[in-house]
$ cat my_file21.cif   # mmCIF, N, CA and C atoms and all ligand atoms
data_final
#
loop_
_atom_site.label_atom_id
_atom_site.label_comp_id
_atom_site.auth_asym_id
_atom_site.auth_seq_id
_atom_site.Cartn_x
_atom_site.Cartn_y
_atom_site.Cartn_z
N MET J 1 79.13 140.08 148.60
CA MET J 1 79.94 140.35 147.39
C MET J 1 81.33 140.87 147.74
N GLN J 2 81.62 141.00 149.01
CA GLN J 2 82.92 141.51 149.42
C GLN J 2 84.05 140.64 148.85
N HIS J 3 83.76 139.33 148.74
CA HIS J 3 84.80 138.39 148.31
C HIS J 3 85.15 138.53 146.84
N VAL J 4 84.38 139.27 146.09
CA VAL J 4 84.62 139.38 144.65
C VAL J 4 86.04 139.88 144.36
N LEU J 5 86.47 140.86 145.14
CA LEU J 5 87.81 141.41 144.90
C LEU J 5 88.86 140.87 145.88
N SER J 6 88.49 139.78 146.59
CA SER J 6 89.40 139.28 147.62
C SER J 6 90.66 138.65 147.04
N LYS J 7 90.56 138.13 145.80
CA LYS J 7 91.75 137.52 145.20
C LYS J 7 92.39 138.42 144.16
N VAL J 8 92.12 139.71 144.30
CA VAL J 8 92.64 140.66 143.33
C VAL J 8 93.75 141.47 143.97
N LEU J 9 94.83 141.59 143.25
CA LEU J 9 95.96 142.39 143.71
C LEU J 9 95.66 143.85 143.37
N ARG J 10 95.12 144.56 144.35
CA ARG J 10 94.69 145.92 144.06
C ARG J 10 95.85 146.90 144.09
N GLY J 11 95.90 147.74 143.09
CA GLY J 11 96.95 148.75 143.02
C GLY J 11 96.34 150.13 142.92
N ALA J 12 97.09 151.05 142.37
CA ALA J 12 96.60 152.41 142.15
C ALA J 12 95.46 152.37 141.14
N PRO J 13 94.58 153.38 141.17
CA PRO J 13 93.41 153.37 140.27
C PRO J 13 93.77 153.24 138.79
N GLU J 14 94.95 153.74 138.40
CA GLU J 14 95.28 153.70 136.98
C GLU J 14 96.00 152.39 136.60
N GLU J 15 96.37 151.61 137.60
CA GLU J 15 97.07 150.36 137.33
C GLU J 15 96.11 149.21 137.09
N CYS J 16 96.60 148.13 136.47
CA CYS J 16 95.81 146.92 136.34
C CYS J 16 95.80 146.18 137.68
N TRP J 17 94.66 145.59 137.97
CA TRP J 17 94.51 144.81 139.20
C TRP J 17 94.37 143.35 138.83
N PRO J 18 95.46 142.62 138.73
CA PRO J 18 95.38 141.23 138.26
C PRO J 18 94.71 140.29 139.26
N TYR J 19 93.96 139.37 138.72
CA TYR J 19 93.29 138.36 139.52
C TYR J 19 94.27 137.23 139.84
N GLN J 20 94.19 136.72 141.06
CA GLN J 20 95.15 135.69 141.49
C GLN J 20 94.52 134.31 141.62
N GLY J 21 93.26 134.20 141.30
CA GLY J 21 92.56 132.93 141.52
C GLY J 21 92.36 132.14 140.24
N LYS J 22 91.30 131.36 140.24
CA LYS J 22 91.01 130.45 139.13
C LYS J 22 90.67 131.20 137.84
N VAL J 23 91.28 130.73 136.76
CA VAL J 23 91.05 131.34 135.46
C VAL J 23 90.44 130.31 134.53
N GLY J 24 89.44 130.69 133.78
CA GLY J 24 88.75 129.77 132.87
C GLY J 24 89.56 129.49 131.61
N SER J 25 89.01 128.63 130.76
CA SER J 25 89.74 128.16 129.59
C SER J 25 90.09 129.27 128.62
N ALA J 26 89.31 130.34 128.61
CA ALA J 26 89.60 131.43 127.67
C ALA J 26 90.53 132.47 128.28
N GLY J 27 91.00 132.21 129.49
CA GLY J 27 91.93 133.13 130.11
C GLY J 27 91.30 134.20 130.96
N TYR J 28 89.98 134.14 131.13
CA TYR J 28 89.29 135.11 131.96
C TYR J 28 89.01 134.51 133.34
N PRO J 29 89.18 135.30 134.40
CA PRO J 29 88.84 134.80 135.74
C PRO J 29 87.37 134.43 135.84
N LEU J 30 87.12 133.30 136.50
CA LEU J 30 85.76 132.82 136.67
C LEU J 30 85.41 132.76 138.15
N MET J 31 84.14 132.94 138.47
CA MET J 31 83.72 132.79 139.85
C MET J 31 82.29 132.28 139.90
N ARG J 32 82.07 131.38 140.87
CA ARG J 32 80.72 130.89 141.08
C ARG J 32 79.98 131.86 141.98
N PHE J 33 78.83 132.31 141.53
CA PHE J 33 78.09 133.30 142.30
C PHE J 33 76.60 133.03 142.14
N GLU J 34 75.93 132.86 143.25
CA GLU J 34 74.50 132.53 143.25
C GLU J 34 74.19 131.38 142.31
N GLY J 35 75.03 130.34 142.39
CA GLY J 35 74.78 129.11 141.65
C GLY J 35 75.10 129.18 140.17
N LYS J 36 75.73 130.26 139.75
CA LYS J 36 76.01 130.44 138.33
C LYS J 36 77.48 130.76 138.15
N GLN J 37 78.06 130.24 137.06
CA GLN J 37 79.45 130.56 136.77
C GLN J 37 79.50 131.93 136.07
N TRP J 38 80.26 132.83 136.63
CA TRP J 38 80.35 134.18 136.07
C TRP J 38 81.75 134.46 135.54
N LEU J 39 81.81 135.24 134.48
CA LEU J 39 83.07 135.86 134.12
C LEU J 39 83.24 136.97 135.15
N LEU J 40 84.32 136.89 135.89
CA LEU J 40 84.46 137.76 137.05
C LEU J 40 84.44 139.25 136.69
N HIS J 41 84.97 139.60 135.53
CA HIS J 41 84.99 141.03 135.20
C HIS J 41 83.57 141.56 135.00
N ARG J 42 82.65 140.67 134.58
CA ARG J 42 81.25 141.10 134.44
C ARG J 42 80.63 141.35 135.82
N LEU J 43 81.01 140.47 136.75
CA LEU J 43 80.51 140.60 138.12
C LEU J 43 81.04 141.89 138.77
N VAL J 44 82.32 142.15 138.54
CA VAL J 44 82.95 143.36 139.09
C VAL J 44 82.28 144.60 138.49
N TYR J 45 82.02 144.54 137.19
CA TYR J 45 81.35 145.68 136.56
C TYR J 45 79.98 145.91 137.18
N LEU J 46 79.25 144.81 137.32
CA LEU J 46 77.90 144.88 137.89
C LEU J 46 77.92 145.50 139.28
N LYS J 47 78.92 145.11 140.06
CA LYS J 47 78.99 145.55 141.45
C LYS J 47 79.47 147.00 141.58
N TYR J 48 80.47 147.39 140.77
CA TYR J 48 81.12 148.68 140.97
C TYR J 48 80.74 149.75 139.95
N ARG J 49 80.20 149.33 138.82
CA ARG J 49 79.93 150.33 137.78
C ARG J 49 78.44 150.47 137.47
N GLY J 50 77.74 149.36 137.38
CA GLY J 50 76.33 149.48 137.07
C GLY J 50 75.77 148.25 136.40
N PRO J 51 74.49 148.32 136.00
CA PRO J 51 73.82 147.14 135.46
C PRO J 51 74.40 146.70 134.12
N LEU J 52 74.31 145.39 133.87
CA LEU J 52 74.74 144.83 132.60
C LEU J 52 73.55 144.90 131.63
N LEU J 53 73.74 145.60 130.55
CA LEU J 53 72.64 145.80 129.62
C LEU J 53 72.59 144.68 128.59
N ASP J 54 71.38 144.40 128.13
CA ASP J 54 71.17 143.37 127.13
C ASP J 54 71.95 143.66 125.86
N GLY J 55 72.60 142.64 125.34
CA GLY J 55 73.29 142.79 124.07
C GLY J 55 74.61 143.54 124.16
N MET J 56 75.00 143.89 125.39
CA MET J 56 76.26 144.60 125.56
C MET J 56 77.28 143.65 126.18
N VAL J 57 78.53 143.92 125.94
CA VAL J 57 79.58 143.11 126.54
C VAL J 57 80.45 144.00 127.41
N ILE J 58 81.11 143.38 128.37
CA ILE J 58 82.06 144.12 129.21
C ILE J 58 83.45 143.84 128.65
N MET J 59 84.12 144.89 128.26
CA MET J 59 85.45 144.70 127.70
C MET J 59 86.51 145.38 128.54
N HIS J 60 87.75 144.89 128.38
CA HIS J 60 88.88 145.48 129.09
C HIS J 60 89.48 146.59 128.24
N VAL J 61 89.46 147.78 128.77
CA VAL J 61 90.09 148.89 128.06
C VAL J 61 91.60 148.63 127.96
N CYS J 62 92.14 147.98 128.97
CA CYS J 62 93.59 147.75 129.06
C CYS J 62 94.03 146.47 128.36
N GLU J 63 93.08 145.66 127.83
CA GLU J 63 93.41 144.42 127.12
C GLU J 63 94.02 143.36 128.02
N ASN J 64 93.95 143.54 129.31
CA ASN J 64 94.49 142.56 130.24
C ASN J 64 93.33 141.74 130.79
N LYS J 65 93.25 140.48 130.32
CA LYS J 65 92.10 139.64 130.68
C LYS J 65 92.02 139.39 132.18
N LEU J 66 93.15 139.46 132.86
CA LEU J 66 93.18 139.17 134.29
C LEU J 66 92.84 140.39 135.12
N CYS J 67 92.77 141.54 134.47
CA CYS J 67 92.59 142.78 135.21
C CYS J 67 91.14 142.94 135.68
N LEU J 68 90.99 143.29 136.96
CA LEU J 68 89.65 143.50 137.50
C LEU J 68 89.51 144.89 138.11
N ASN J 69 90.31 145.81 137.65
CA ASN J 69 90.14 147.19 138.07
C ASN J 69 88.86 147.72 137.43
N PRO J 70 87.85 148.06 138.26
CA PRO J 70 86.56 148.46 137.67
C PRO J 70 86.67 149.61 136.68
N THR J 71 87.66 150.49 136.88
CA THR J 71 87.78 151.64 135.98
C THR J 71 88.40 151.23 134.63
N HIS J 72 88.91 150.01 134.54
CA HIS J 72 89.46 149.53 133.27
C HIS J 72 88.42 148.74 132.47
N LEU J 73 87.22 148.64 133.02
CA LEU J 73 86.16 147.88 132.34
C LEU J 73 85.20 148.85 131.67
N ARG J 74 84.80 148.47 130.48
CA ARG J 74 83.90 149.34 129.73
C ARG J 74 82.79 148.49 129.14
N GLN J 75 81.59 149.01 129.21
CA GLN J 75 80.47 148.31 128.58
C GLN J 75 80.34 148.81 127.15
N ASP J 76 80.26 147.88 126.23
CA ASP J 76 80.22 148.29 124.83
C ASP J 76 79.44 147.27 124.02
N THR J 77 79.20 147.61 122.78
CA THR J 77 78.49 146.66 121.92
C THR J 77 79.43 145.55 121.52
N GLN J 78 78.85 144.40 121.21
CA GLN J 78 79.65 143.26 120.82
C GLN J 78 80.51 143.58 119.59
N SER J 79 79.97 144.32 118.64
CA SER J 79 80.71 144.53 117.40
C SER J 79 81.97 145.35 117.63
N SER J 80 81.91 146.33 118.56
CA SER J 80 83.15 147.09 118.76
C SER J 80 84.15 146.26 119.55
N ASN J 81 83.64 145.33 120.36
CA ASN J 81 84.54 144.41 121.04
C ASN J 81 85.25 143.52 120.03
N ILE J 82 84.49 143.07 119.03
CA ILE J 82 85.08 142.24 117.98
C ILE J 82 86.16 143.01 117.26
N THR J 83 85.82 144.26 116.91
CA THR J 83 86.79 145.08 116.19
C THR J 83 88.06 145.23 116.99
N GLN J 84 87.89 145.52 118.30
CA GLN J 84 89.08 145.71 119.12
C GLN J 84 89.87 144.41 119.26
N ALA J 85 89.14 143.31 119.44
CA ALA J 85 89.82 142.02 119.60
C ALA J 85 90.59 141.67 118.35
N CYS J 86 90.00 141.95 117.20
CA CYS J 86 90.67 141.65 115.94
C CYS J 86 91.90 142.53 115.78
N THR J 87 91.74 143.79 116.14
CA THR J 87 92.84 144.74 115.96
C THR J 87 94.01 144.40 116.87
N THR J 88 93.68 144.00 118.09
CA THR J 88 94.75 143.79 119.06
C THR J 88 95.20 142.34 119.12
N GLY J 89 94.50 141.47 118.40
CA GLY J 89 94.91 140.07 118.38
C GLY J 89 94.62 139.33 119.66
N VAL J 90 93.65 139.79 120.42
CA VAL J 90 93.33 139.12 121.67
C VAL J 90 92.81 137.70 121.41
N TRP J 91 92.09 137.57 120.30
CA TRP J 91 91.60 136.23 119.95
C TRP J 91 92.71 135.50 119.24
N ARG J 92 93.21 134.49 119.85
CA ARG J 92 94.34 133.77 119.28
C ARG J 92 93.87 132.68 118.33
N SER J 93 94.79 132.30 117.46
CA SER J 93 94.45 131.31 116.43
C SER J 93 94.31 129.92 117.03
N GLY J 94 93.51 129.14 116.35
CA GLY J 94 93.46 127.71 116.64
C GLY J 94 92.68 127.31 117.86
N THR J 95 92.35 128.25 118.73
CA THR J 95 91.67 127.82 119.95
C THR J 95 90.18 127.64 119.70
N THR J 96 89.66 126.58 120.23
CA THR J 96 88.22 126.39 120.15
C THR J 96 87.61 126.63 121.53
N LYS J 97 88.49 126.84 122.50
CA LYS J 97 88.00 127.09 123.85
C LYS J 97 87.78 128.57 124.05
N ILE J 98 86.75 129.10 123.42
CA ILE J 98 86.48 130.51 123.60
C ILE J 98 85.14 130.68 124.31
N GLU J 99 84.96 131.83 124.86
CA GLU J 99 83.78 132.07 125.68
C GLU J 99 82.51 132.06 124.84
N ARG J 100 81.41 131.78 125.53
CA ARG J 100 80.13 131.68 124.86
C ARG J 100 79.81 132.96 124.06
N HIS J 101 80.04 134.13 124.69
CA HIS J 101 79.68 135.37 123.99
C HIS J 101 80.57 135.58 122.77
N GLU J 102 81.78 135.00 122.80
CA GLU J 102 82.66 135.11 121.65
C GLU J 102 82.19 134.20 120.52
N ARG J 103 81.72 133.01 120.91
CA ARG J 103 81.16 132.11 119.89
C ARG J 103 79.95 132.77 119.24
N VAL J 104 79.15 133.40 120.08
CA VAL J 104 77.98 134.10 119.56
C VAL J 104 78.42 135.20 118.60
N ALA J 105 79.53 135.84 118.93
CA ALA J 105 80.03 136.92 118.08
C ALA J 105 80.43 136.41 116.70
N VAL J 106 81.02 135.22 116.67
CA VAL J 106 81.40 134.62 115.39
C VAL J 106 80.15 134.43 114.54
N LEU J 107 79.13 133.91 115.17
CA LEU J 107 77.86 133.67 114.48
C LEU J 107 77.26 134.99 113.99
N GLU J 108 77.37 135.99 114.85
CA GLU J 108 76.81 137.31 114.53
C GLU J 108 77.51 137.90 113.29
N LEU J 109 78.81 137.73 113.21
CA LEU J 109 79.55 138.23 112.05
C LEU J 109 79.09 137.56 110.77
N LEU J 110 78.87 136.25 110.86
CA LEU J 110 78.39 135.52 109.69
C LEU J 110 76.99 135.99 109.32
N ARG J 111 76.19 136.23 110.35
CA ARG J 111 74.83 136.69 110.12
C ARG J 111 74.83 138.06 109.45
N GLN J 112 75.84 138.86 109.82
CA GLN J 112 75.93 140.20 109.24
C GLN J 112 76.42 140.17 107.79
N GLY J 113 76.66 138.94 107.29
CA GLY J 113 76.99 138.82 105.87
C GLY J 113 78.46 138.66 105.58
N LYS J 114 79.27 138.56 106.63
CA LYS J 114 80.69 138.27 106.39
C LYS J 114 80.80 136.84 105.86
N SER J 115 81.67 136.64 104.90
CA SER J 115 81.87 135.30 104.38
C SER J 115 82.70 134.50 105.37
N ARG J 116 82.58 133.18 105.26
CA ARG J 116 83.38 132.31 106.14
C ARG J 116 84.86 132.59 105.96
N LYS J 117 85.23 132.86 104.72
CA LYS J 117 86.63 133.12 104.42
C LYS J 117 87.11 134.36 105.19
N GLU J 118 86.25 135.40 105.18
CA GLU J 118 86.60 136.64 105.90
C GLU J 118 86.73 136.39 107.40
N VAL J 119 85.76 135.63 107.93
CA VAL J 119 85.76 135.39 109.37
C VAL J 119 86.98 134.55 109.77
N CYS J 120 87.29 133.57 108.93
CA CYS J 120 88.50 132.75 109.18
C CYS J 120 89.73 133.66 109.27
N LYS J 121 89.79 134.59 108.34
CA LYS J 121 90.93 135.49 108.28
C LYS J 121 90.95 136.40 109.51
N LEU J 122 89.78 136.90 109.87
CA LEU J 122 89.68 137.80 111.03
C LEU J 122 90.20 137.13 112.29
N PHE J 123 89.82 135.86 112.47
CA PHE J 123 90.19 135.18 113.71
C PHE J 123 91.40 134.28 113.54
N ASN J 124 91.91 134.27 112.30
CA ASN J 124 93.10 133.47 112.04
C ASN J 124 92.87 132.00 112.40
N VAL J 125 91.74 131.50 111.96
CA VAL J 125 91.44 130.09 112.21
C VAL J 125 91.21 129.37 110.89
N SER J 126 91.33 128.04 110.91
CA SER J 126 91.09 127.26 109.71
C SER J 126 89.59 127.11 109.50
N ASN J 127 89.25 126.70 108.28
CA ASN J 127 87.83 126.53 107.95
C ASN J 127 87.17 125.48 108.83
N SER J 128 87.92 124.41 109.15
CA SER J 128 87.31 123.36 109.98
C SER J 128 87.10 123.85 111.41
N THR J 129 88.04 124.67 111.90
CA THR J 129 87.86 125.26 113.23
C THR J 129 86.64 126.15 113.24
N LEU J 130 86.50 126.94 112.17
CA LEU J 130 85.35 127.84 112.09
C LEU J 130 84.04 127.05 112.09
N SER J 131 84.00 125.97 111.32
CA SER J 131 82.79 125.15 111.28
C SER J 131 82.42 124.67 112.67
N ARG J 132 83.46 124.28 113.43
CA ARG J 132 83.22 123.80 114.79
C ARG J 132 82.69 124.95 115.65
N LEU J 133 83.29 126.13 115.49
CA LEU J 133 82.84 127.30 116.26
C LEU J 133 81.39 127.63 115.94
N VAL J 134 81.05 127.52 114.66
CA VAL J 134 79.69 127.88 114.26
C VAL J 134 78.68 126.94 114.90
N SER J 135 79.01 125.64 114.90
CA SER J 135 78.05 124.73 115.51
C SER J 135 77.97 124.94 117.02
N GLN J 136 79.11 125.27 117.63
CA GLN J 136 79.10 125.60 119.07
C GLN J 136 78.29 126.86 119.32
N ALA J 137 78.45 127.82 118.42
CA ALA J 137 77.76 129.10 118.58
C ALA J 137 76.25 128.90 118.48
N LYS J 138 75.84 128.08 117.52
CA LYS J 138 74.41 127.82 117.35
C LYS J 138 73.84 127.17 118.60
N GLU J 139 74.63 126.26 119.15
CA GLU J 139 74.25 125.59 120.39
C GLU J 139 74.09 126.62 121.52
N ALA J 140 75.09 127.52 121.59
CA ALA J 140 75.11 128.54 122.65
C ALA J 140 73.90 129.46 122.53
N VAL J 141 73.59 129.86 121.30
CA VAL J 141 72.46 130.76 121.10
C VAL J 141 71.17 130.05 121.52
N GLY J 142 71.12 128.77 121.18
CA GLY J 142 69.94 128.00 121.55
C GLY J 142 69.73 127.90 123.06
N ASN J 143 70.86 128.04 123.78
CA ASN J 143 70.79 127.87 125.23
C ASN J 143 70.59 129.18 125.98
N VAL J 144 70.53 130.28 125.27
CA VAL J 144 70.39 131.57 125.94
C VAL J 144 69.05 131.65 126.65
ZN ZN J 201 93.65 146.94 133.59
#
$ encode --input "my_file21.cif" --output "structure tokens"
Amino acid sequence: MQHVLSKVLRGAPEECWPYQGKVGSAGYPLMRFEGKQWLLHRLVYLKYRGPLLDGMVIMHVCENKLCLNPTHLRQDTQSSNITQACTTGVWRSGTTKIERHERVAVLELLRQGKSRKEVCKLFNVSNSTLSRLVSQAKEAVGNV
């Protein structure tokens, strides 16, 4: 696992440590590890902070998707990640290339009783984009 941080520009503990390697479609660094594609920040968390708990997501306290400073990563519930993403605008409009856990989050919001109109507004996407996300999300959930 030494190579996990090999492409990371390490700085002071309080600084962001940007990744210099391959970045996935959603803007998060990706790495192949034990035959599986990982979001690198999840791998870094697992290695330096602790186990990944069921139903929890690893979020960037610093909002920098490229940052792999373990102290900038926080494990939290999906819903507070959604709240933060909505507040900070990390989820950009129009994109359908979002991570599986984010697609699941869209579905989760709908399941929690949010109307499609509300969810569209939250993510600043059109109704047709949302429909596409929902079908992708259902697919993703089916594949868990
Ligand atoms: Zn950071």
$ residues_near_ligand --input "my_file21.cif" --ligand "ligand ZN 201 (chain J)" --cutoff "6.5 Å" --atoms "only N, CA and C atoms and all ligand atoms" --output "NGL selection string"
:J and (15-17 or 61-64 or 67-69 or 72)
$ closest_residue --input "my_file21.cif" --among "J:Val4, J:Val125, J:Cys120, J:Leu107" --to "Leu40 (chain J)" --atoms "all atoms listed in the file"
J:Val4
$ atom_distance --input "my_file21.cif" --atom1 "CA of Val57 (chain J)" --atom2 "CA of Arg32 (chain J)"
19.0 Å
$ atom_distance --input "my_file21.cif" --atom1 "atom N of Arg74 (chain J)" --atom2 "atom N of Tyr45 (chain J)"
8.3 Å
$ closest_residue --input "my_file21.cif" --among "J:Leu66, J:His60, J:Tyr48, J:Asn127" --to "Gln20 (chain J)" --atoms "only C-alpha atoms"
J:Leu66
$ atom_distance --input "my_file21.cif" --atom1 "atom N of Thr129 (chain J)" --atom2 "CA of Lys117 (chain J)"
11.4 Å
$ residues_around --input "my_file21.cif" --residues "Leu39 (chain J)" --least-positions-apart "2" --cutoff "7 Å" --atoms "only N, CA and C atoms" --output "MDAnalysis selection string"
chainID J and resid 28:31 37 41:44
$ closest_residue --input "my_file21.cif" --among "J:Leu46, J:Ala26, J:Val134, J:Leu52" --to "Lys65 (chain J)" --atoms "only N, CA and C atoms"
J:Ala26
$ axis_aligned_box --input "my_file21.cif" --around "region 108-112 of chain J" --padding-each-side "4 Å" --output "JSON"
{"center_x": 77.2, "center_y": 137.9, "center_z": 111.3, "size_x": 12.7, "size_y": 12.7, "size_z": 15.1}
